[in-house]
Structure formats: structure tokens, C-alpha cells
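Coordinates from work.cif are shown below (mmCIF, C-alpha atoms).
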data_work
loop_
_atom_site.label_atom_id
_atom_site.label_comp_id
_atom_site.auth_asym_id
_atom_site.auth_seq_id
_atom_site.Cartn_x
_atom_site.Cartn_y
_atom_site.Cartn_z
CA MET M 165 2.86 26.05 6.12
CA ARG M 166 1.40 25.95 2.60
CA PRO M 167 0.87 22.94 0.32
CA LEU M 168 4.03 22.04 -1.64
CA GLN M 169 5.81 25.12 -0.30
CA PRO M 170 9.52 24.21 0.04
CA VAL M 171 11.50 24.88 3.20
CA SER M 172 15.06 26.13 3.44
CA PRO M 173 17.88 23.60 3.83
CA GLY M 174 18.57 24.87 7.34
CA ALA M 175 14.96 24.49 8.41
CA ARG M 176 14.79 21.02 6.89
CA ILE M 177 17.83 19.89 8.89
CA ALA M 178 16.51 21.46 12.08
CA LEU M 179 13.11 19.81 11.73
CA GLY M 180 14.64 16.43 10.96
CA VAL M 181 16.99 16.58 13.95
CA SER M 182 14.13 17.75 16.18
CA PHE M 183 12.16 14.59 15.48
CA PHE M 184 15.08 12.38 16.54
CA ILE M 185 15.54 14.41 19.72
CA LEU M 186 11.84 14.07 20.54
CA PHE M 187 11.91 10.34 19.77
CA PHE M 188 14.84 9.66 22.10
CA ALA M 189 13.34 11.89 24.79
CA VAL M 190 10.08 9.91 24.78
CA TRP M 191 12.03 6.64 24.74
CA ALA M 192 14.16 7.74 27.71
CA PHE M 193 11.11 8.97 29.63
CA PHE M 194 9.28 5.65 29.48
CA THR M 195 12.32 3.39 30.00
CA LEU M 196 14.37 5.36 32.54
CA GLY M 197 11.18 6.34 34.35
CA GLY M 198 10.33 2.68 34.94
CA TYR M 199 7.13 2.68 32.88
CA VAL M 200 8.45 -0.09 30.61
CA SER M 201 10.40 -3.13 31.79
CA LYS M 202 14.00 -3.31 30.56
CA THR M 203 13.36 -6.95 29.67
CA PHE M 204 11.11 -5.76 26.85
CA LEU M 205 12.73 -2.42 25.98
CA ALA M 206 16.19 -1.28 27.08
CA ASP M 207 16.78 2.39 27.85
CA PRO M 208 19.00 4.53 25.59
CA LEU M 209 21.95 4.62 28.01
CA THR M 210 22.07 0.84 28.38
CA MET M 211 21.74 0.51 24.62
CA LEU M 212 24.71 2.82 24.06
CA ARG M 213 26.88 0.97 26.59
CA SER M 214 26.04 -2.36 24.97
CA GLY M 215 26.73 -0.90 21.53
CA TYR M 216 30.16 0.29 22.66
CA ASP M 217 30.91 -3.18 24.04
CA LEU M 218 29.80 -4.80 20.78
CA LEU M 219 32.03 -2.55 18.70
CA VAL M 220 35.12 -2.65 20.93
CA ASN M 221 35.09 -6.11 22.45
CA GLN M 222 32.88 -8.39 20.37
CA GLY M 223 33.95 -7.66 16.79
CA PHE M 224 30.65 -6.12 15.69
CA ILE M 225 32.49 -3.93 13.18
CA LYS M 226 33.19 -7.06 11.14
CA ASP M 227 29.49 -7.94 11.22
CA ILE M 228 28.64 -4.45 9.98
CA GLY M 229 31.16 -4.77 7.16
CA MET M 230 29.71 -8.11 6.06
CA THR M 231 26.17 -6.72 6.01
CA VAL M 232 27.22 -3.64 4.02
CA TRP M 233 29.05 -5.86 1.52
CA ARG M 234 25.98 -8.07 1.08
CA VAL M 235 23.65 -5.13 0.55
CA LEU M 236 25.86 -3.36 -1.96
CA GLY M 237 26.88 -6.57 -3.75
CA GLY M 238 23.37 -7.95 -4.20
CA PHE M 239 21.96 -4.55 -5.12
CA ALA M 240 24.74 -3.82 -7.64
CA VAL M 241 24.11 -7.09 -9.49
CA ALA M 242 20.36 -6.42 -9.51
CA ALA M 243 20.87 -2.86 -10.82
CA LEU M 244 23.31 -3.90 -13.55
CA LEU M 245 20.75 -6.32 -14.96
CA ALA M 246 17.56 -4.41 -14.18
CA VAL M 247 18.47 -1.04 -15.70
CA PRO M 248 19.03 -2.23 -19.31
CA LEU M 249 16.03 -4.58 -19.17
CA GLY M 250 13.81 -1.84 -17.72
CA VAL M 251 14.94 0.61 -20.41
CA MET M 252 14.22 -1.94 -23.13
CA MET M 253 10.76 -2.63 -21.70
CA GLY M 254 9.95 1.07 -21.45
CA ALA M 255 11.23 1.85 -24.94
CA TYR M 256 9.93 -1.12 -26.92
CA LYS M 257 6.35 -2.25 -26.38
CA PRO M 258 6.86 -5.82 -27.72
CA VAL M 259 9.62 -6.32 -25.15
CA GLU M 260 7.32 -4.93 -22.47
CA ALA M 261 4.49 -7.25 -23.54
CA PHE M 262 6.84 -10.24 -23.34
CA PHE M 263 8.42 -9.56 -19.94
CA GLU M 264 5.87 -7.51 -17.97
CA PRO M 265 3.44 -10.32 -17.02
CA PHE M 266 6.22 -12.36 -15.44
CA VAL M 267 7.92 -9.36 -13.82
CA SER M 268 4.61 -8.16 -12.38
CA PHE M 269 3.97 -11.67 -11.06
CA ALA M 270 7.46 -12.10 -9.59
CA ARG M 271 7.60 -8.76 -7.80
CA TYR M 272 4.76 -9.83 -5.51
CA LEU M 273 6.67 -12.90 -4.34
CA PRO M 274 8.36 -12.22 -0.98
CA ALA M 275 12.11 -12.68 -1.13
CA SER M 276 12.04 -14.51 2.20
CA ALA M 277 9.92 -17.28 0.64
CA PHE M 278 12.88 -18.23 -1.56
CA ILE M 279 15.29 -18.77 1.34
CA PRO M 280 14.62 -22.53 1.75
CA LEU M 281 15.14 -23.08 -1.98
CA LEU M 282 18.23 -20.88 -2.07
CA ILE M 283 19.75 -22.76 0.85
CA LEU M 284 19.04 -26.01 -1.00
CA TRP M 285 20.56 -24.69 -4.23
CA ALA M 286 23.44 -22.56 -2.96
CA GLY M 287 23.98 -23.57 0.67
CA ILE M 288 24.24 -21.03 3.48
CA GLY M 289 27.18 -19.09 2.08
CA GLU M 290 27.36 -15.64 0.54
CA THR M 291 25.67 -16.69 -2.70
CA GLN M 292 22.44 -17.45 -0.86
CA LYS M 293 22.40 -14.08 0.90
CA LEU M 294 23.26 -12.11 -2.22
CA SER M 295 20.53 -13.99 -4.08
CA VAL M 296 17.89 -12.96 -1.54
CA ILE M 297 18.80 -9.29 -2.02
CA PHE M 298 18.90 -9.74 -5.79
CA ILE M 299 15.43 -11.29 -5.89
CA GLY M 300 14.00 -8.62 -3.61
CA SER M 301 15.46 -5.77 -5.67
CA PHE M 302 15.60 -6.91 -9.29
CA PHE M 303 11.91 -7.22 -10.20
CA GLN M 304 10.96 -3.99 -8.42
CA LEU M 305 13.71 -2.12 -10.27
CA VAL M 306 12.77 -3.50 -13.68
CA LEU M 307 9.13 -2.48 -13.48
CA MET M 308 9.72 0.96 -11.97
CA ILE M 309 12.44 1.79 -14.52
CA ALA M 310 10.22 0.62 -17.38
CA VAL M 311 7.45 2.90 -16.17
CA SER M 312 9.85 5.85 -15.91
CA VAL M 313 11.12 5.37 -19.46
CA GLY M 314 7.64 4.77 -20.85
CA ASN M 315 6.38 8.04 -19.34
CA THR M 316 8.72 10.15 -21.47
CA ARG M 317 6.90 13.06 -23.08
CA ARG M 318 5.72 12.10 -26.55
CA ASP M 319 6.35 15.60 -27.94
CA LEU M 320 10.06 15.15 -27.25
CA VAL M 321 10.07 11.86 -29.16
CA GLU M 322 8.16 13.34 -32.10
CA ALA M 323 10.48 16.35 -32.22
CA ALA M 324 13.51 14.05 -32.34
CA TYR M 325 11.99 12.06 -35.20
CA THR M 326 11.24 15.30 -37.03
CA LEU M 327 14.89 16.32 -36.68
CA GLY M 328 15.98 13.04 -38.26
CA ALA M 329 16.82 10.87 -35.25
CA ALA M 330 16.89 7.09 -35.75
CA ASP M 331 15.30 4.61 -33.36
CA ARG M 332 18.56 4.04 -31.50
CA GLY M 333 19.05 7.79 -31.22
CA ILE M 334 15.57 8.14 -29.69
CA VAL M 335 16.51 5.72 -26.92
CA VAL M 336 20.00 7.09 -26.28
CA ARG M 337 19.38 10.83 -26.74
CA VAL M 338 15.75 11.27 -25.68
CA LEU M 339 14.38 8.46 -23.53
CA LEU M 340 17.43 7.89 -21.37
CA PRO M 341 18.20 11.56 -20.59
CA SER M 342 14.53 12.23 -19.87
CA ALA M 343 14.11 9.26 -17.55
CA ALA M 344 17.57 9.36 -15.94
CA PRO M 345 16.55 11.42 -12.86
CA GLU M 346 13.62 9.11 -12.15
CA ILE M 347 15.79 6.04 -12.69
CA ALA M 348 18.28 7.41 -10.17
CA GLU M 349 15.47 8.01 -7.66
CA THR M 350 14.21 4.47 -8.25
CA LEU M 351 17.68 3.09 -7.49
CA ARG M 352 17.78 5.16 -4.29
CA MET M 353 14.44 3.87 -3.06
CA VAL M 354 15.07 0.23 -3.88
CA LEU M 355 18.48 0.37 -2.19
CA GLY M 356 16.54 1.13 0.99
CA TRP M 357 14.47 -2.01 0.46
CA ALA M 358 17.69 -4.02 0.01
CA TRP M 359 18.63 -3.20 3.60
CA THR M 360 15.48 -4.96 4.81
CA TYR M 361 16.13 -8.02 2.66
CA VAL M 362 19.67 -8.51 3.97
CA ILE M 363 18.45 -8.85 7.54
CA VAL M 364 15.97 -11.51 6.44
CA ALA M 365 18.81 -13.33 4.67
CA GLU M 366 21.03 -13.14 7.76
CA LEU M 367 18.42 -14.42 10.19
CA ILE M 368 18.78 -17.98 8.84
CA GLY M 369 22.04 -19.87 8.48
CA ALA M 370 24.37 -16.90 8.96
CA SER M 371 27.53 -16.83 11.04
CA SER M 372 28.17 -13.11 10.65
CA GLY M 373 26.32 -9.88 9.95
CA ILE M 374 23.97 -7.59 11.82
CA GLY M 375 21.06 -10.00 11.42
CA HIS M 376 23.15 -12.78 12.95
CA MET M 377 23.94 -10.60 15.96
CA ILE M 378 20.26 -9.73 16.38
CA THR M 379 19.31 -13.42 16.32
CA ASP M 380 21.91 -14.28 18.97
CA SER M 381 20.76 -11.34 21.11
CA GLN M 382 17.15 -12.50 20.88
CA ALA M 383 18.09 -15.84 22.43
CA LEU M 384 19.66 -13.97 25.35
CA LEU M 385 16.76 -11.47 25.68
CA ALA M 386 19.36 -8.71 25.14
CA THR M 387 17.01 -6.02 23.88
CA ASP M 388 19.77 -3.42 24.25
CA GLN M 389 21.89 -5.19 21.63
CA ILE M 390 18.89 -5.81 19.38
CA ILE M 391 17.98 -2.12 19.44
CA PHE M 392 21.58 -1.11 18.78
CA GLY M 393 21.71 -3.40 15.75
CA ILE M 394 18.47 -1.93 14.42
CA ILE M 395 19.76 1.62 14.90
CA VAL M 396 23.02 0.78 13.10
CA ILE M 397 21.00 -0.45 10.13
CA GLY M 398 18.98 2.78 10.18
CA VAL M 399 22.11 4.94 10.36
CA PHE M 400 23.81 3.21 7.44
CA GLY M 401 20.58 3.29 5.46
CA LEU M 402 20.21 7.02 6.13
CA VAL M 403 23.82 7.68 5.13
CA THR M 404 23.45 5.81 1.83
CA ASP M 405 20.15 7.56 1.18
CA LEU M 406 21.63 11.03 1.75
CA ALA M 407 24.66 10.16 -0.38
CA PHE M 408 22.35 8.99 -3.19
CA LYS M 409 20.33 12.20 -2.93
CA ALA M 410 23.43 14.38 -3.08
CA LEU M 411 24.75 12.47 -6.10
CA ASN M 412 21.40 12.76 -7.88
CA ARG M 413 21.28 16.52 -7.29
CA LYS M 414 24.77 16.86 -8.72
CA LEU M 415 24.15 14.66 -11.76
CA PHE M 416 20.66 15.95 -12.60
CA PRO M 417 20.37 19.57 -11.41
CA TRP M 418 17.57 20.29 -13.89
CA ALA M 419 15.35 17.72 -12.16
CA GLN M 420 15.35 19.86 -9.00
CA LEU M 421 13.74 22.86 -10.71
CA GLY M 422 10.34 23.66 -9.27
CA ARG M 423 10.83 21.52 -6.17
#

Show how you would write the structure in this file as C-alpha cells.
Amino acid sequence: MRPLQPVSPGARIALGVSFFILFFAVWAFFTLGGYVSKTFLADPLTMLRSGYDLLVNQGFIKDIGMTVWRVLGGFAVAALLAVPLGVMMGAYKPVEAFFEPFVSFARYLPASAFIPLLILWAGIGETQKLSVIFIGSFFQLVLMIAVSVGNTRRDLVEAAYTLGAADRGIVVRVLLPSAAPEIAETLRMVLGWAWTYVIVAELIGASSGIGHMITDSQALLATDQIIFGIIVIGVFGLVTDLAFKALNRKLFPWAQLGR
């Protein structure tokens, strides 16, 4: 191994799969071997049996669908509003000076702290849950996108001005293409955070969703179902992350040079 030396795609997959195999092997050793009580940590086989029962007999597929809808819906609204505002802040310093203090303040506020107010304002329906994801994603997206746009190389901007570009042309033909790969990576990372916010939203006042199932399982001390719910979240998060990566590589192949 050498610093920053890339590995082949095959080796990357093999190393990633190896970690999961090792993780489950250690988990099985301590639980099936009787070193950890099943009351506190179910073994992998019991977890899989409970997961099968949840999917086949208890309608857990509907809960998964509701959670996926909430994540994608809340994140999509946040992205649609955050991307143009972040670009404006990164491109125009007066806009940045106006919005950045509040955005920097708001991004430190935990989304879970707004749940009591959101329940008061919007009830316990879908609006409340989408709002939690929106609040948790929007301010992070705005600031990170603004930074990406603001870090555009100044020589590219000066060259465009020299060639006769107008201010609008600088934004559309220089700043946006330069920052687009980083904006896409920002969206990918914050989408991962949205998965954590949806569980927080579903822990209170929800009648469906993965978080609702986890709460019900906690009351029954069903650690097998809790672990299965957590793993389902991880699997869906990993799938969306890999899909985002593949899309970014296809849309911005030049950004992969030198990696």
C-alpha cells in the first residue's frame, strides 16, 4: 500500500465484501457461542428468520416503501431549493453576506429539536416527517454548495471575462460546470444524512415506516427485529449511495481523472 495509490475495481469490491464477511463472522461467534445474551443482541440466524417473517407476514415491505418515500421526498424538496440558493451565494458575495450568517446558524440546530414544533404546526402526518428531513438537509446543502461554487478557479473566471463573457455567462458557463461534480458529491453525502433524519422523524407519532417498526420492537425487546430494521436502512442507503456514485461518474467523467 502507498499513500493515495488507487486500487483496481475488483480489489475494491473484494476488500469491501471481506469486511462484511468478517463483521458477520465476529457477530455470529459472540452470539451463537453464548458470549452475549440474545436479550441484548440477537444472532444473525434469528435476525434473518425474524426479517423473513416481517417481510412475508407482517407487511414490513409497506413500511420500507413509506420510509423510502419520505427520504426521497424530503430530500428532493431540500435539493430543489438549496441548489439555486447555494449557487447564488457562491457566485455573488452580497447574497452570501446576506444569507450565510443565518444558514451557518441554522445548520447547527438538530433537526430532532424541531419535532415538537412541527407536530404542533403540521400534526403527525407526512408533512411533519418530510419537514424534519428538509430541515436536516437544506441548510447543510446550501452551505456546502456555496463553498463548492465559490472555490472555482479564478483564472477560469478571468479568462471568460477576457473572451467577452457577461456576468450571467460566467455563472452558467464557468461556475456551474466547474462546481457541478462537487455539487453532485454534496448531494450524495447529504442524502446519506437524510436517512438518519427519517428514522428520528418516524420514532415519534408514526404509524408506519422502519422507525415505527423499530419503536414497536423495542417495547417487545425484539432485538432481532431492531437489528433487521437497521440493516435494511443500511442496505438501502448503500444502494442509493452506489447509484449516486455511478451516475456522477457517468455525468462528470473528467472529475475522475487523477483519482

**Q.** Residues within 6 Å of segment 340-349 of chain M, only C-alpha atoms, excluding chain neighbours under 6 positions, as a VMD selection string
**A.** chain M and resid 309 312 to 313

Q) Can you list what the PyMOL selection byres ((chain M and resi 212) around 12) grabs from this structure, as a PyMOL selection string? A) chain M and resi 206-211+213-219+387-393+395-396

Q: Check which residues satisfy the PyMOL selection byres ((chain M and resi 398-401) around 10) in the file shown, then give them as number ranges by chain.
A: M: 228, 232, 355-360, 392-397, 402-407

Residue subset to file, keeping C-alpha atoms, as a short mmCIF file (atom, residue, chain, number, x, y, z; two decimals), keeping the file's coordinate frame:
data_model
loop_
_atom_site.label_atom_id
_atom_site.label_comp_id
_atom_site.auth_asym_id
_atom_site.auth_seq_id
_atom_site.Cartn_x
_atom_site.Cartn_y
_atom_site.Cartn_z
CA ILE M 228 28.64 -4.45 9.98
CA VAL M 232 27.22 -3.64 4.02
CA LEU M 355 18.48 0.37 -2.19
CA GLY M 356 16.54 1.13 0.99
CA TRP M 357 14.47 -2.01 0.46
CA ALA M 358 17.69 -4.02 0.01
CA TRP M 359 18.63 -3.20 3.60
CA THR M 360 15.48 -4.96 4.81
CA PHE M 392 21.58 -1.11 18.78
CA GLY M 393 21.71 -3.40 15.75
CA ILE M 394 18.47 -1.93 14.42
CA ILE M 395 19.76 1.62 14.90
CA VAL M 396 23.02 0.78 13.10
CA ILE M 397 21.00 -0.45 10.13
CA LEU M 402 20.21 7.02 6.13
CA VAL M 403 23.82 7.68 5.13
CA THR M 404 23.45 5.81 1.83
CA ASP M 405 20.15 7.56 1.18
CA LEU M 406 21.63 11.03 1.75
CA ALA M 407 24.66 10.16 -0.38
#

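Using all atoms listed in the file, the nearest neighbour of Ile297 of chain M within the list M:Thr231, M:Ser268, M:Thr326, M:Thr316 is M:Thr231.
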
Q: Name every residue that the PyMOL selection byres ((chain M and resi 375) around 8) selects in this structure, writing the answer as a list in words with chains first and numbers rising.
A: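 Matching residues under the PyMOL selection byres ((chain M and resi 375) around 8) are Val362, Ile363, Val364, Ala365, Glu366, Leu367, Ser372, Gly373, Ile374, His376, Met377, Ile378, Thr379 and Gly393 of chain M.
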
Export C-alpha atoms of the chosen residues as a JSON list (two decimals), in the coordinates of the input?
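Once written, again_30.json looks like this:
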[["chain", "number", "residue", "atom", "x", "y", "z"],
["M", 362, "VAL", "CA", 19.67, -8.51, 3.97],
["M", 363, "ILE", "CA", 18.45, -8.85, 7.54],
["M", 364, "VAL", "CA", 15.97, -11.51, 6.44],
["M", 365, "ALA", "CA", 18.81, -13.33, 4.67],
["M", 366, "GLU", "CA", 21.03, -13.14, 7.76],
["M", 367, "LEU", "CA", 18.42, -14.42, 10.19],
["M", 372, "SER", "CA", 28.17, -13.11, 10.65],
["M", 373, "GLY", "CA", 26.32, -9.88, 9.95],
["M", 374, "ILE", "CA", 23.97, -7.59, 11.82],
["M", 376, "HIS", "CA", 23.15, -12.78, 12.95],
["M", 377, "MET", "CA", 23.94, -10.60, 15.96],
["M", 378, "ILE", "CA", 20.26, -9.73, 16.38],
["M", 379, "THR", "CA", 19.31, -13.42, 16.32],
["M", 393, "GLY", "CA", 21.71, -3.40, 15.75]]

Q: May I ask which of the residues M:Leu307, M:Met230, M:Val321, M:Ala329 is the closest one to Phe269 of chain M, counting all atoms listed in the file?
A: M:Leu307

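Distance check against Ser295 of chain M using all atoms listed in the file: of M:Leu244, M:Arg234, M:Arg332, M:Leu320, the minimum falls on M:Arg234.
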
Q) Out of M:Ala324, M:Leu179, M:Ala386, M:Leu305, which residue has the shortest atom-to-atom distance to Leu249 of chain M when counting all atoms listed in the file? A)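 So, comparing all the options, the nearest one is M:Leu305.
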
Q: Record the distance separating atom CA of Met353 of chain M and atom CA of Met308 of chain M, expressed in Å with one decimal.
A: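 Between atom CA of Met353 of chain M and atom CA of Met308 of chain M the gap works out to 10.5 Å.
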
Q.
Please determine, counting only C-alpha atoms, which residue among M:Phe204, M:Tyr256, M:Trp191, M:Trp233 has the shortest atom-to-atom distance to Asp331 of chain M.
A. M:Tyr256

Q) In Å, how far is it from atom CA of Leu384 of chain M to atom CA of Ser371 of chain M? A)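 Calculated distance between atom CA of Leu384 of chain M and atom CA of Ser371 of chain M is 16.6 Å.
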
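Take atom CA of Phe303 of chain M and atom CA of Ala410 of chain M: the distance between them is 25.5 Å.
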
Which centre and edge lengths in Å to one decimal define the box along x, y and z that fits every listed atom of segment 316-335 of chain M plus 5 Å per side, as AutoDock Vina command-line options?
--center_x 12.4 --center_y 10.2 --center_z -29.9 --size_x 23.3 --size_y 22.3 --size_z 26.8

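Across M:Ala178, M:Ile185, M:Val306, M:Ala383, the tightest approach to Val247 of chain M is made by M:Val306 when counting only C-alpha atoms.
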
Q: Please return, as a ChimeraX atom specification, all polymer residues that have at least one atom within 12 Å of the point (5.6, -8.7, -5.1); use only C-alpha atoms and the file's own coordinate frame.
A: /M:266-277,299-305,307
